[in-house]
$ cat start26.tsv   # TSV, C-alpha atoms
chain	number	residue	atom	x	y	z
A	1	MET	CA	-55.84	41.43	22.26
A	2	ARG	CA	-55.99	41.47	26.00
A	3	ALA	CA	-54.51	44.02	28.36
A	4	ALA	CA	-50.77	44.18	28.88
A	5	GLY	CA	-49.36	41.95	31.60
A	6	PRO	CA	-46.20	42.37	33.65
A	7	LEU	CA	-42.80	41.84	32.11
A	8	ALA	CA	-42.18	39.12	34.67
A	9	LEU	CA	-44.82	37.00	33.03
A	10	LEU	CA	-42.96	37.13	29.73
A	11	GLN	CA	-39.81	36.05	31.54
A	12	LEU	CA	-41.68	33.09	32.93
A	13	LEU	CA	-42.88	32.23	29.43
A	14	LEU	CA	-39.35	32.44	28.08
A	15	TRP	CA	-37.25	30.95	30.83
A	16	ALA	CA	-39.46	28.77	32.99
A	17	GLY	CA	-40.73	26.80	30.03
A	18	ALA	CA	-44.38	27.81	29.86
A	19	GLY	CA	-43.69	29.28	26.44
A	20	MET	CA	-41.29	26.47	25.51
A	21	CYS	CA	-38.64	29.03	24.65
A	22	ALA	CA	-35.45	27.91	23.02
A	23	ALA	CA	-32.35	28.24	25.08
A	24	VAL	CA	-30.23	31.23	25.16
A	25	ALA	CA	-26.62	31.22	24.22
A	26	ALA	CA	-25.96	34.57	22.60
A	27	PRO	CA	-26.50	34.04	18.87
A	28	PRO	CA	-23.89	35.44	16.48
A	29	ALA	CA	-24.36	38.40	14.17
A	30	PRO	CA	-23.87	37.82	10.43
A	31	PRO	CA	-21.03	39.62	8.66
A	32	LEU	CA	-21.80	43.18	7.57
A	33	PHE	CA	-20.88	44.41	4.09
A	34	ASN	CA	-21.26	47.60	2.12
A	35	VAL	CA	-22.56	47.31	-1.45
A	36	SER	CA	-22.14	50.48	-3.50
A	37	LEU	CA	-25.06	51.39	-5.74
A	38	ASP	CA	-22.67	53.80	-7.46
A	39	THR	CA	-20.60	50.85	-8.73
A	40	ALA	CA	-21.56	49.08	-11.97
A	41	PRO	CA	-24.15	46.37	-11.19
A	42	GLU	CA	-21.93	43.58	-12.56
A	43	LEU	CA	-19.21	44.52	-10.07
A	44	ARG	CA	-21.00	45.71	-6.93
A	45	TRP	CA	-21.33	42.28	-5.25
A	46	LEU	CA	-17.75	41.15	-5.94
A	47	PRO	CA	-16.30	42.55	-2.68
A	48	VAL	CA	-18.86	40.43	-0.82
A	49	LEU	CA	-18.15	37.23	-2.78
A	50	GLN	CA	-14.41	37.43	-2.16
A	51	HIS	CA	-14.98	36.86	1.57
A	52	PHE	CA	-16.53	33.43	0.99
A	53	ASP	CA	-15.36	29.99	-0.14
A	54	LEU	CA	-16.59	30.03	-3.72
A	55	ASP	CA	-16.34	26.26	-4.13
A	56	PHE	CA	-18.56	25.74	-1.10
A	57	LEU	CA	-20.96	28.43	-2.30
A	58	ARG	CA	-21.22	26.75	-5.71
A	59	THR	CA	-21.89	23.39	-4.05
A	60	ALA	CA	-24.56	24.94	-1.82
A	61	MET	CA	-26.30	26.60	-4.75
A	62	GLU	CA	-26.25	23.36	-6.75
A	63	HIS	CA	-27.82	21.55	-3.78
A	64	ILE	CA	-30.59	24.16	-3.52
A	65	LEU	CA	-31.28	23.93	-7.25
A	66	GLU	CA	-31.42	20.14	-7.26
A	67	ASN	CA	-33.77	19.99	-4.31
A	68	SER	CA	-36.15	22.88	-5.00
A	69	VAL	CA	-36.52	23.37	-8.77
A	70	PRO	CA	-38.80	20.99	-10.72
A	71	LYS	CA	-37.26	19.21	-13.70
A	72	TRP	CA	-39.66	20.81	-16.18
A	73	VAL	CA	-38.44	24.25	-15.08
A	74	TYR	CA	-34.86	23.17	-15.80
A	75	ASP	CA	-36.00	22.28	-19.30
A	76	VAL	CA	-37.84	25.58	-19.89
A	77	ILE	CA	-35.54	28.23	-18.42
A	78	PRO	CA	-32.38	27.62	-20.51
A	79	LYS	CA	-34.46	27.89	-23.68
A	80	ALA	CA	-36.07	31.10	-22.45
A	81	VAL	CA	-33.01	32.73	-20.89
A	82	GLY	CA	-32.57	35.18	-23.76
A	83	GLU	CA	-36.16	36.34	-23.40
A	84	LEU	CA	-35.78	36.52	-19.60
A	85	GLU	CA	-32.69	38.70	-19.97
A	86	ARG	CA	-34.77	41.11	-22.00
A	87	LEU	CA	-37.69	41.07	-19.56
A	88	LEU	CA	-35.91	41.10	-16.21
A	89	PRO	CA	-35.57	44.55	-14.64
A	90	GLN	CA	-32.28	46.25	-14.01
A	91	PRO	CA	-30.09	46.43	-12.03
A	92	PHE	CA	-30.96	42.91	-10.92
A	93	THR	CA	-30.12	41.14	-14.18
A	94	ASP	CA	-26.65	42.65	-14.38
A	95	GLU	CA	-26.03	41.98	-10.68
A	96	ILE	CA	-26.92	38.31	-11.22
A	97	ARG	CA	-24.76	38.18	-14.35
A	98	GLY	CA	-21.77	39.58	-12.46
A	99	MET	CA	-22.06	37.01	-9.67
A	100	CYS	CA	-22.57	34.20	-12.20
A	101	SER	CA	-19.33	35.13	-13.88
A	102	VAL	CA	-17.40	34.80	-10.61
A	103	LEU	CA	-19.16	31.58	-9.62
A	104	ASN	CA	-18.85	30.04	-13.11
A	105	PHE	CA	-22.61	29.44	-13.20
A	106	SER	CA	-24.85	29.87	-16.21
A	107	LEU	CA	-27.19	32.85	-16.15
A	108	ALA	CA	-30.12	30.41	-16.26
A	109	ASP	CA	-28.94	28.64	-13.11
A	110	CYS	CA	-28.34	31.90	-11.28
A	111	ILE	CA	-31.83	33.13	-12.16
A	112	LEU	CA	-33.26	29.82	-10.94
A	113	VAL	CA	-31.41	30.09	-7.62
A	114	ASN	CA	-32.86	33.55	-7.10
A	115	LEU	CA	-36.35	32.26	-7.94
A	116	ALA	CA	-35.91	29.25	-5.65
A	117	TYR	CA	-35.31	31.59	-2.71
A	118	GLU	CA	-38.60	33.32	-3.60
A	119	SER	CA	-40.56	30.09	-3.25
A	120	THR	CA	-39.82	28.85	0.26
A	121	ALA	CA	-39.84	31.69	2.82
A	122	PHE	CA	-41.86	30.38	5.76
A	123	CYS	CA	-41.57	33.14	8.32
A	124	THR	CA	-43.04	35.15	11.18
A	125	SER	CA	-43.23	38.96	11.09
A	126	ILE	CA	-44.43	41.34	13.80
A	127	VAL	CA	-45.05	45.08	13.65
A	128	ALA	CA	-45.98	46.78	16.91
A	129	GLN	CA	-46.32	50.15	18.66
A	130	ASP	CA	-45.29	50.78	22.24
A	131	SER	CA	-47.21	53.00	24.66
A	132	ARG	CA	-45.13	56.05	23.63
A	133	GLY	CA	-45.96	55.66	19.94
A	134	HIS	CA	-42.64	54.10	18.84
A	135	ILE	CA	-42.88	51.52	16.05
A	136	TYR	CA	-40.94	48.24	16.22
A	137	HIS	CA	-40.62	45.55	13.57
A	138	GLY	CA	-39.23	42.05	13.89
A	139	ARG	CA	-39.04	38.92	11.82
A	140	ASN	CA	-37.87	35.32	11.85
A	141	MET	CA	-36.71	33.99	8.48
A	142	ASP	CA	-37.48	30.28	8.22
A	143	TYR	CA	-36.05	28.39	5.28
A	144	PRO	CA	-35.17	24.89	4.20
A	145	PHE	CA	-31.44	24.33	3.76
A	146	GLY	CA	-30.77	26.21	6.99
A	147	ASP	CA	-27.43	24.49	7.64
A	148	LEU	CA	-26.19	25.96	4.36
A	149	LEU	CA	-27.89	29.34	4.45
A	150	ARG	CA	-26.71	30.22	7.97
A	151	LYS	CA	-23.18	30.21	6.53
A	152	PHE	CA	-24.16	32.68	3.81
A	153	THR	CA	-26.44	35.09	5.66
A	154	VAL	CA	-25.21	38.67	5.53
A	155	ASP	CA	-26.31	42.15	6.55
A	156	VAL	CA	-25.80	44.62	3.72
A	157	GLN	CA	-25.65	48.41	3.78
A	158	PHE	CA	-26.47	49.71	0.32
A	159	ILE	CA	-24.46	52.89	-0.23
A	160	LYS	CA	-25.45	55.73	-2.54
A	161	ASN	CA	-23.48	58.97	-2.82
A	162	GLY	CA	-21.47	58.00	0.24
A	163	GLN	CA	-24.55	57.54	2.47
A	164	ILE	CA	-26.50	54.49	3.62
A	165	ALA	CA	-29.53	54.43	1.33
A	166	PHE	CA	-31.00	51.31	2.94
A	167	THR	CA	-30.02	48.21	4.89
A	168	GLY	CA	-31.11	44.61	4.45
A	169	THR	CA	-30.43	41.00	5.33
A	170	THR	CA	-29.98	38.44	2.59
A	171	PHE	CA	-28.05	35.37	1.38
A	172	VAL	CA	-24.87	35.58	-0.68
A	173	GLY	CA	-25.72	35.01	-4.34
A	174	TYR	CA	-29.25	36.36	-3.94
A	175	VAL	CA	-29.97	39.90	-5.12
A	176	GLY	CA	-33.35	40.30	-3.41
A	177	LEU	CA	-34.26	41.30	0.13
A	178	TRP	CA	-36.96	39.78	2.36
A	179	THR	CA	-35.95	42.07	5.23
A	180	GLY	CA	-34.92	45.71	5.01
A	181	GLN	CA	-34.91	49.23	6.41
A	182	SER	CA	-34.88	52.67	4.85
A	183	PRO	CA	-33.40	54.88	7.60
A	184	HIS	CA	-35.83	57.31	9.21
A	185	LYS	CA	-38.52	56.25	6.71
A	186	PHE	CA	-39.81	52.66	6.99
A	187	THR	CA	-39.03	48.97	7.49
A	188	VAL	CA	-40.24	46.01	5.41
A	189	SER	CA	-40.40	42.25	5.69
A	190	ALA	CA	-42.19	39.65	3.57
A	191	ASP	CA	-43.69	36.25	4.37
A	192	GLU	CA	-44.68	33.64	1.83
A	193	ARG	CA	-48.39	33.21	0.98
A	194	ASP	CA	-48.59	29.81	-0.69
A	195	LYS	CA	-51.45	29.41	-3.15
A	196	GLY	CA	-50.22	26.34	-5.00
A	197	TRP	CA	-48.87	25.82	-8.54
A	198	TRP	CA	-46.03	28.14	-7.58
A	199	TRP	CA	-43.56	27.54	-10.39
A	200	GLU	CA	-46.23	27.46	-13.10
A	201	ASN	CA	-47.65	30.80	-11.93
A	202	VAL	CA	-44.22	32.37	-11.47
A	203	ILE	CA	-42.94	31.55	-14.94
A	204	ALA	CA	-46.13	32.91	-16.49
A	205	ALA	CA	-46.00	36.09	-14.38
A	206	PHE	CA	-42.29	36.56	-15.05
A	207	LEU	CA	-42.97	36.63	-18.77
A	208	GLN	CA	-45.53	39.37	-18.11
A	209	ARG	CA	-42.80	41.50	-16.47
A	210	HIS	CA	-44.21	41.08	-12.97
A	211	SER	CA	-41.73	41.73	-10.16
A	212	PRO	CA	-40.22	39.08	-7.90
A	213	ILE	CA	-41.30	39.63	-4.30
A	214	SER	CA	-37.87	40.42	-2.90
A	215	TRP	CA	-36.83	42.64	-5.81
A	216	LEU	CA	-39.83	44.86	-5.16
A	217	ILE	CA	-38.69	45.26	-1.55
A	218	ARG	CA	-35.29	46.46	-2.75
A	219	THR	CA	-36.87	48.83	-5.26
A	220	THR	CA	-39.22	50.19	-2.61
A	221	LEU	CA	-36.42	50.71	-0.10
A	222	ASN	CA	-34.40	52.51	-2.75
A	223	GLU	CA	-37.15	54.72	-4.17
A	224	SER	CA	-40.01	55.31	-1.69
A	225	GLU	CA	-39.71	58.48	0.36
A	226	ASN	CA	-41.95	57.55	3.29
A	227	PHE	CA	-44.21	54.92	4.86
A	228	GLU	CA	-47.28	55.85	2.80
A	229	ALA	CA	-45.39	55.69	-0.50
A	230	ALA	CA	-43.89	52.33	0.46
A	231	VAL	CA	-47.29	50.87	1.34
A	232	TYR	CA	-48.73	52.10	-1.96
A	233	THR	CA	-45.92	50.55	-4.01
A	234	LEU	CA	-45.97	47.25	-2.15
A	235	ALA	CA	-49.76	47.03	-2.43
A	236	LYS	CA	-50.12	47.92	-6.11
A	237	THR	CA	-47.13	46.58	-8.07
A	238	PRO	CA	-47.84	43.32	-9.97
A	239	LEU	CA	-45.89	40.38	-8.54
A	240	ILE	CA	-44.85	36.92	-9.65
A	241	ALA	CA	-46.45	35.31	-6.58
A	242	ASP	CA	-48.73	35.95	-3.59
A	243	VAL	CA	-47.11	37.29	-0.43
A	244	TYR	CA	-47.61	39.14	2.84
A	245	TYR	CA	-45.75	42.44	3.10
A	246	ILE	CA	-45.31	43.82	6.62
A	247	VAL	CA	-44.38	47.51	6.83
A	248	GLY	CA	-43.44	49.73	9.78
A	249	GLY	CA	-42.99	53.50	9.77
A	250	THR	CA	-41.69	56.14	12.16
A	251	SER	CA	-44.89	57.70	13.52
A	252	PRO	CA	-47.72	56.33	15.68
A	253	ARG	CA	-50.07	53.91	13.88
A	254	GLU	CA	-47.62	53.46	10.98
A	255	GLY	CA	-47.73	49.68	10.82
A	256	VAL	CA	-49.55	47.42	8.39
A	257	VAL	CA	-49.81	43.91	6.99
A	258	ILE	CA	-50.56	43.83	3.25
A	259	THR	CA	-52.01	40.56	1.98
A	260	ARG	CA	-51.14	40.30	-1.70
A	261	ASN	CA	-52.09	38.29	-4.72
A	262	ARG	CA	-50.19	38.71	-7.96
A	263	GLY	CA	-52.38	41.56	-9.16
A	264	GLY	CA	-52.72	43.70	-6.02
A	265	ALA	CA	-53.77	43.90	-2.39
A	266	VAL	CA	-56.40	41.47	-1.08
A	267	ASP	CA	-56.43	43.03	2.39
A	268	ILE	CA	-54.79	45.90	4.29
A	269	TRP	CA	-54.53	45.26	8.05
A	270	PRO	CA	-53.21	48.33	9.91
A	271	LEU	CA	-52.28	48.86	13.51
A	272	ASP	CA	-55.18	50.27	15.56
A	273	PRO	CA	-53.64	51.04	18.97
A	274	LEU	CA	-56.48	53.33	20.08
A	275	ASN	CA	-58.71	50.26	20.03
A	276	GLY	CA	-56.17	47.92	21.63
A	277	ALA	CA	-54.62	46.53	18.45
A	278	TRP	CA	-51.06	47.66	19.19
A	279	PHE	CA	-49.44	44.79	17.30
A	280	ARG	CA	-49.98	42.68	14.21
A	281	VAL	CA	-48.59	39.16	13.83
A	282	GLU	CA	-48.27	37.59	10.39
A	283	THR	CA	-46.95	34.11	9.69
A	284	ASN	CA	-47.87	32.39	6.41
A	285	TYR	CA	-51.66	32.35	6.63
A	286	ASP	CA	-54.42	34.88	6.04
A	287	HIS	CA	-54.98	36.67	9.35
A	288	TRP	CA	-58.78	36.42	9.10
A	289	LYS	CA	-58.59	32.61	9.02
A	290	PRO	CA	-57.53	30.28	11.87
A	291	ALA	CA	-53.88	29.24	11.78
A	292	PRO	CA	-53.56	25.51	11.06
A	293	LYS	CA	-52.87	23.40	14.14
A	294	ARG	CA	-49.93	21.75	12.39
A	295	ASP	CA	-48.18	25.13	12.06
A	296	ASP	CA	-49.57	27.60	14.59
A	297	ARG	CA	-46.81	30.12	15.25
A	298	ARG	CA	-49.37	32.93	15.44
A	299	THR	CA	-50.90	32.00	18.81
A	300	PRO	CA	-47.59	31.66	20.75
A	301	ALA	CA	-46.41	35.00	19.33
A	302	ILE	CA	-49.64	36.74	20.38
A	303	ARG	CA	-49.44	35.25	23.87
A	304	ALA	CA	-45.83	36.40	24.26
A	305	LEU	CA	-46.64	39.92	23.07
A	306	ASN	CA	-49.56	40.18	25.48
A	307	ALA	CA	-47.33	38.90	28.27
A	308	THR	CA	-44.73	41.54	27.40
A	309	GLY	CA	-47.25	44.38	27.42
A	310	GLN	CA	-47.29	47.49	25.28
A	311	ALA	CA	-45.55	49.59	27.93
A	312	ASN	CA	-42.61	47.17	28.07
A	313	LEU	CA	-42.08	46.78	24.34
A	314	THR	CA	-38.52	47.33	23.09
A	315	LEU	CA	-36.44	45.82	20.32
A	316	GLU	CA	-34.88	43.51	22.92
A	317	ALA	CA	-38.30	42.39	24.15
A	318	LEU	CA	-39.43	41.81	20.57
A	319	PHE	CA	-36.37	39.65	19.98
A	320	GLN	CA	-37.40	37.55	22.98
A	321	VAL	CA	-40.92	37.19	21.59
A	322	LEU	CA	-39.39	35.91	18.36
A	323	SER	CA	-37.40	33.41	20.44
A	324	VAL	CA	-40.47	31.58	21.75
A	325	PHE	CA	-40.98	28.08	20.36
A	326	PRO	CA	-42.39	27.38	17.76
A	327	VAL	CA	-42.07	30.97	16.49
A	328	TYR	CA	-38.38	30.14	16.69
A	329	ASN	CA	-37.94	26.63	15.31
A	330	ASN	CA	-35.51	24.29	13.58
A	331	SER	CA	-35.98	26.08	10.25
A	332	THR	CA	-35.25	29.56	11.60
A	333	VAL	CA	-32.15	30.89	9.86
A	334	TYR	CA	-32.07	34.39	11.31
A	335	THR	CA	-33.97	36.89	13.43
A	336	THR	CA	-33.99	40.62	12.68
A	337	VAL	CA	-35.41	43.44	14.81
A	338	MET	CA	-35.49	47.02	13.57
A	339	SER	CA	-37.07	50.42	13.97
A	340	ALA	CA	-36.80	52.97	11.16
A	341	ALA	CA	-36.78	55.86	13.65
A	342	THR	CA	-33.55	54.49	15.18
A	343	PRO	CA	-31.84	52.86	12.18
A	344	ASP	CA	-28.54	52.28	13.96
A	345	LYS	CA	-30.30	49.66	16.12
A	346	TYR	CA	-30.97	47.34	13.16
A	347	MET	CA	-29.94	43.92	14.47
A	348	THR	CA	-29.77	40.47	12.90
A	349	ARG	CA	-28.74	37.29	14.67
A	350	ILE	CA	-28.10	33.87	13.18
A	351	ARG	CA	-30.31	31.29	14.88
A	352	HIS	CA	-29.75	27.58	15.42
A	353	LEU	CA	-32.24	25.78	17.63
A	354	GLY	CA	-30.42	22.45	17.17

$ encode --input "start26.tsv" --output "structure tokens"
Amino acid sequence: MRAAGPLALLQLLLWAGAGMCAAVAAPPAPPLFNVSLDTAPELRWLPVLQHFDLDFLRTAMEHILENSVPKWVYDVIPKAVGELERLLPQPFTDEIRGMCSVLNFSLADCILVNLAYESTAFCTSIVAQDSRGHIYHGRNMDYPFGDLLRKFTVDVQFIKNGQIAFTGTTFVGYVGLWTGQSPHKFTVSADERDKGWWWENVIAAFLQRHSPISWLIRTTLNESENFEAAVYTLAKTPLIADVYYIVGGTSPREGVVITRNRGGAVDIWPLDPLNGAWFRVETNYDHWKPAPKRDDRRTPAIRALNATGQANLTLEALFQVLSVFPVYNNSTVYTTVMSAATPDKYMTRIRHLG
């Protein structure tokens, strides 16, 4: 990574077109809801659901199922739903069951919707440290079905004993988190790591009680007491699929990209600011390999960060980096920037390049 350049250079990248930045109308924030972890799991999402058109939500979920779940999976899951109920961890199973009841969906279909969201998260995540030692974390969530999902993106504050236990961004009907923050402790995002045969591997791993990617993020946010504990849990817990976990803390050098297979960590890639590595960029490819030319979001993000400079890094500047094309693209559903040391600054914006 080369030396920091002036902030003006980033502005040229963003506004004069050298970085091909998408244009700038202020993007809207998603609705914010509280979900009480002290409420029974079957009931805790109902106050969220009542704010949405349930007929439209059902139609959207049916569309996602029809266009992302292979037919053979449809044949297998209903027969195995009793076994899955027994194997799936709580409180997620009861949360799904409660939403299914309201939506008039079968438990099998609701489980499949939640698995479908696990399979298609093409994203960009950045963790970085400014020159004063502050840690910043940002992500773009890129998904198919963006026209539908933008309507159902929400920020959620999970409440325990009257306090915010953690915050995340998700889609209505989905119990997992791909983006989240434990206040004054750590931040997490996840990016898909596609290794092929996804559904076959997932069903097999599910039956071995491996965790879905996004459910582990929620569990980690709820249970881990600090950055180190979060990294350990995210690196070691068996998963249903490969993934990249990106974690930011509250102290200097607390930033890492964890490259995962289903069994454990393949690689741990920490910040190393004393040697010039003040940021890490992860898209959907192993960082030690070249990004494919057909989908190189890594290089534009690195250029924009270098143009910003470590001394000029803020959450606002990181948002602008995540607004450079093709880091920000037609599939980008939302952008979140966050810093666990200042949890009140957690910010998500719905994106629409169109």

$ atom_distance --input "start26.tsv" --atom1 "CA of Ile111 (chain A)" --atom2 "CA of Thr335 (chain A)"
26.0 Å

$ atom_distance --input "start26.tsv" --atom1 "CA of Leu43 (chain A)" --atom2 "CA of Ile240 (chain A)"
26.7 Å

$ closest_residue --input "start26.tsv" --among "A:Asn330, A:Asn226, A:Asn312, A:Ser251" --to "Leu271 (chain A)" --atoms "only C-alpha atoms"
A:Ser251

$ residues_around --input "start26.tsv" --residues "Ser125 (chain A)" --least-positions-apart "4" --cutoff "10 Å" --atoms "all atoms listed in the file" --output "PDB file with C-alpha atoms, in the frame of the given file"
ATOM      1  CA  HIS A 137     -40.620  45.550  13.570  1.00  0.00           C
ATOM      2  CA  GLY A 138     -39.230  42.050  13.890  1.00  0.00           C
ATOM      3  CA  ARG A 139     -39.040  38.920  11.820  1.00  0.00           C
ATOM      4  CA  ASN A 140     -37.870  35.320  11.850  1.00  0.00           C
ATOM      5  CA  MET A 141     -36.710  33.990   8.480  1.00  0.00           C
ATOM      6  CA  THR A 179     -35.950  42.070   5.230  1.00  0.00           C
ATOM      7  CA  VAL A 188     -40.240  46.010   5.410  1.00  0.00           C
ATOM      8  CA  SER A 189     -40.400  42.250   5.690  1.00  0.00           C
ATOM      9  CA  ALA A 190     -42.190  39.650   3.570  1.00  0.00           C
ATOM     10  CA  ASP A 191     -43.690  36.250   4.370  1.00  0.00           C
ATOM     11  CA  TYR A 244     -47.610  39.140   2.840  1.00  0.00           C
ATOM     12  CA  TYR A 245     -45.750  42.440   3.100  1.00  0.00           C
ATOM     13  CA  ILE A 246     -45.310  43.820   6.620  1.00  0.00           C
ATOM     14  CA  VAL A 247     -44.380  47.510   6.830  1.00  0.00           C
ATOM     15  CA  VAL A 257     -49.810  43.910   6.990  1.00  0.00           C
ATOM     16  CA  ARG A 280     -49.980  42.680  14.210  1.00  0.00           C
ATOM     17  CA  VAL A 281     -48.590  39.160  13.830  1.00  0.00           C
ATOM     18  CA  GLU A 282     -48.270  37.590  10.390  1.00  0.00           C
ATOM     19  CA  THR A 283     -46.950  34.110   9.690  1.00  0.00           C
ATOM     20  CA  ASN A 284     -47.870  32.390   6.410  1.00  0.00           C
ATOM     21  CA  ARG A 298     -49.370  32.930  15.440  1.00  0.00           C
ATOM     22  CA  ALA A 301     -46.410  35.000  19.330  1.00  0.00           C
ATOM     23  CA  LEU A 322     -39.390  35.910  18.360  1.00  0.00           C
ATOM     24  CA  VAL A 327     -42.070  30.970  16.490  1.00  0.00           C
ATOM     25  CA  THR A 335     -33.970  36.890  13.430  1.00  0.00           C
ATOM     26  CA  THR A 336     -33.990  40.620  12.680  1.00  0.00           C
ATOM     27  CA  VAL A 337     -35.410  43.440  14.810  1.00  0.00           C
TER      28      VAL A 337
END

$ residues_around --input "start26.tsv" --residues "region 212-221 of chain A" --least-positions-apart "3" --cutoff "7 Å" --atoms "all atoms listed in the file" --output "list in words"
Glu118, Phe166, Gly176, Leu177, Trp178, Gln181, Ser182, Ser224, Ala230, Thr233, Leu239 and Ile240 of chain A

$ closest_residue --input "start26.tsv" --among "A:Ser119, A:Thr342, A:Ser101, A:Ser323" --to "Glu192 (chain A)" --atoms "all atoms listed in the file"
A:Ser119

$ residues_around --input "start26.tsv" --residues "region 146-158 of chain A" --least-positions-apart "6" --cutoff "6 Å" --atoms "only C-alpha atoms" --output "list in words"
Pro30, Pro31, Leu32, Phe33, Asn34, Val35, Ser36, Ile164, Ala165, Phe166, Thr167, Gly168, Thr169, Thr170, Phe171, Val172 and Val333 of chain A

$ residues_around --input "start26.tsv" --residues "region 315-317 of chain A" --least-positions-apart "4" --cutoff "7 Å" --atoms "only C-alpha atoms" --output "PyMOL selection string"
chain A and resi 136+321+337-338

$ residues_around --input "start26.tsv" --residues "Arg193 (chain A)" --least-positions-apart "4" --cutoff "9 Å" --atoms "only C-alpha atoms" --output "count of residues only"
13

$ atom_distance --input "start26.tsv" --atom1 "CA of Ala291 (chain A)" --atom2 "CA of Cys123 (chain A)"
13.4 Å
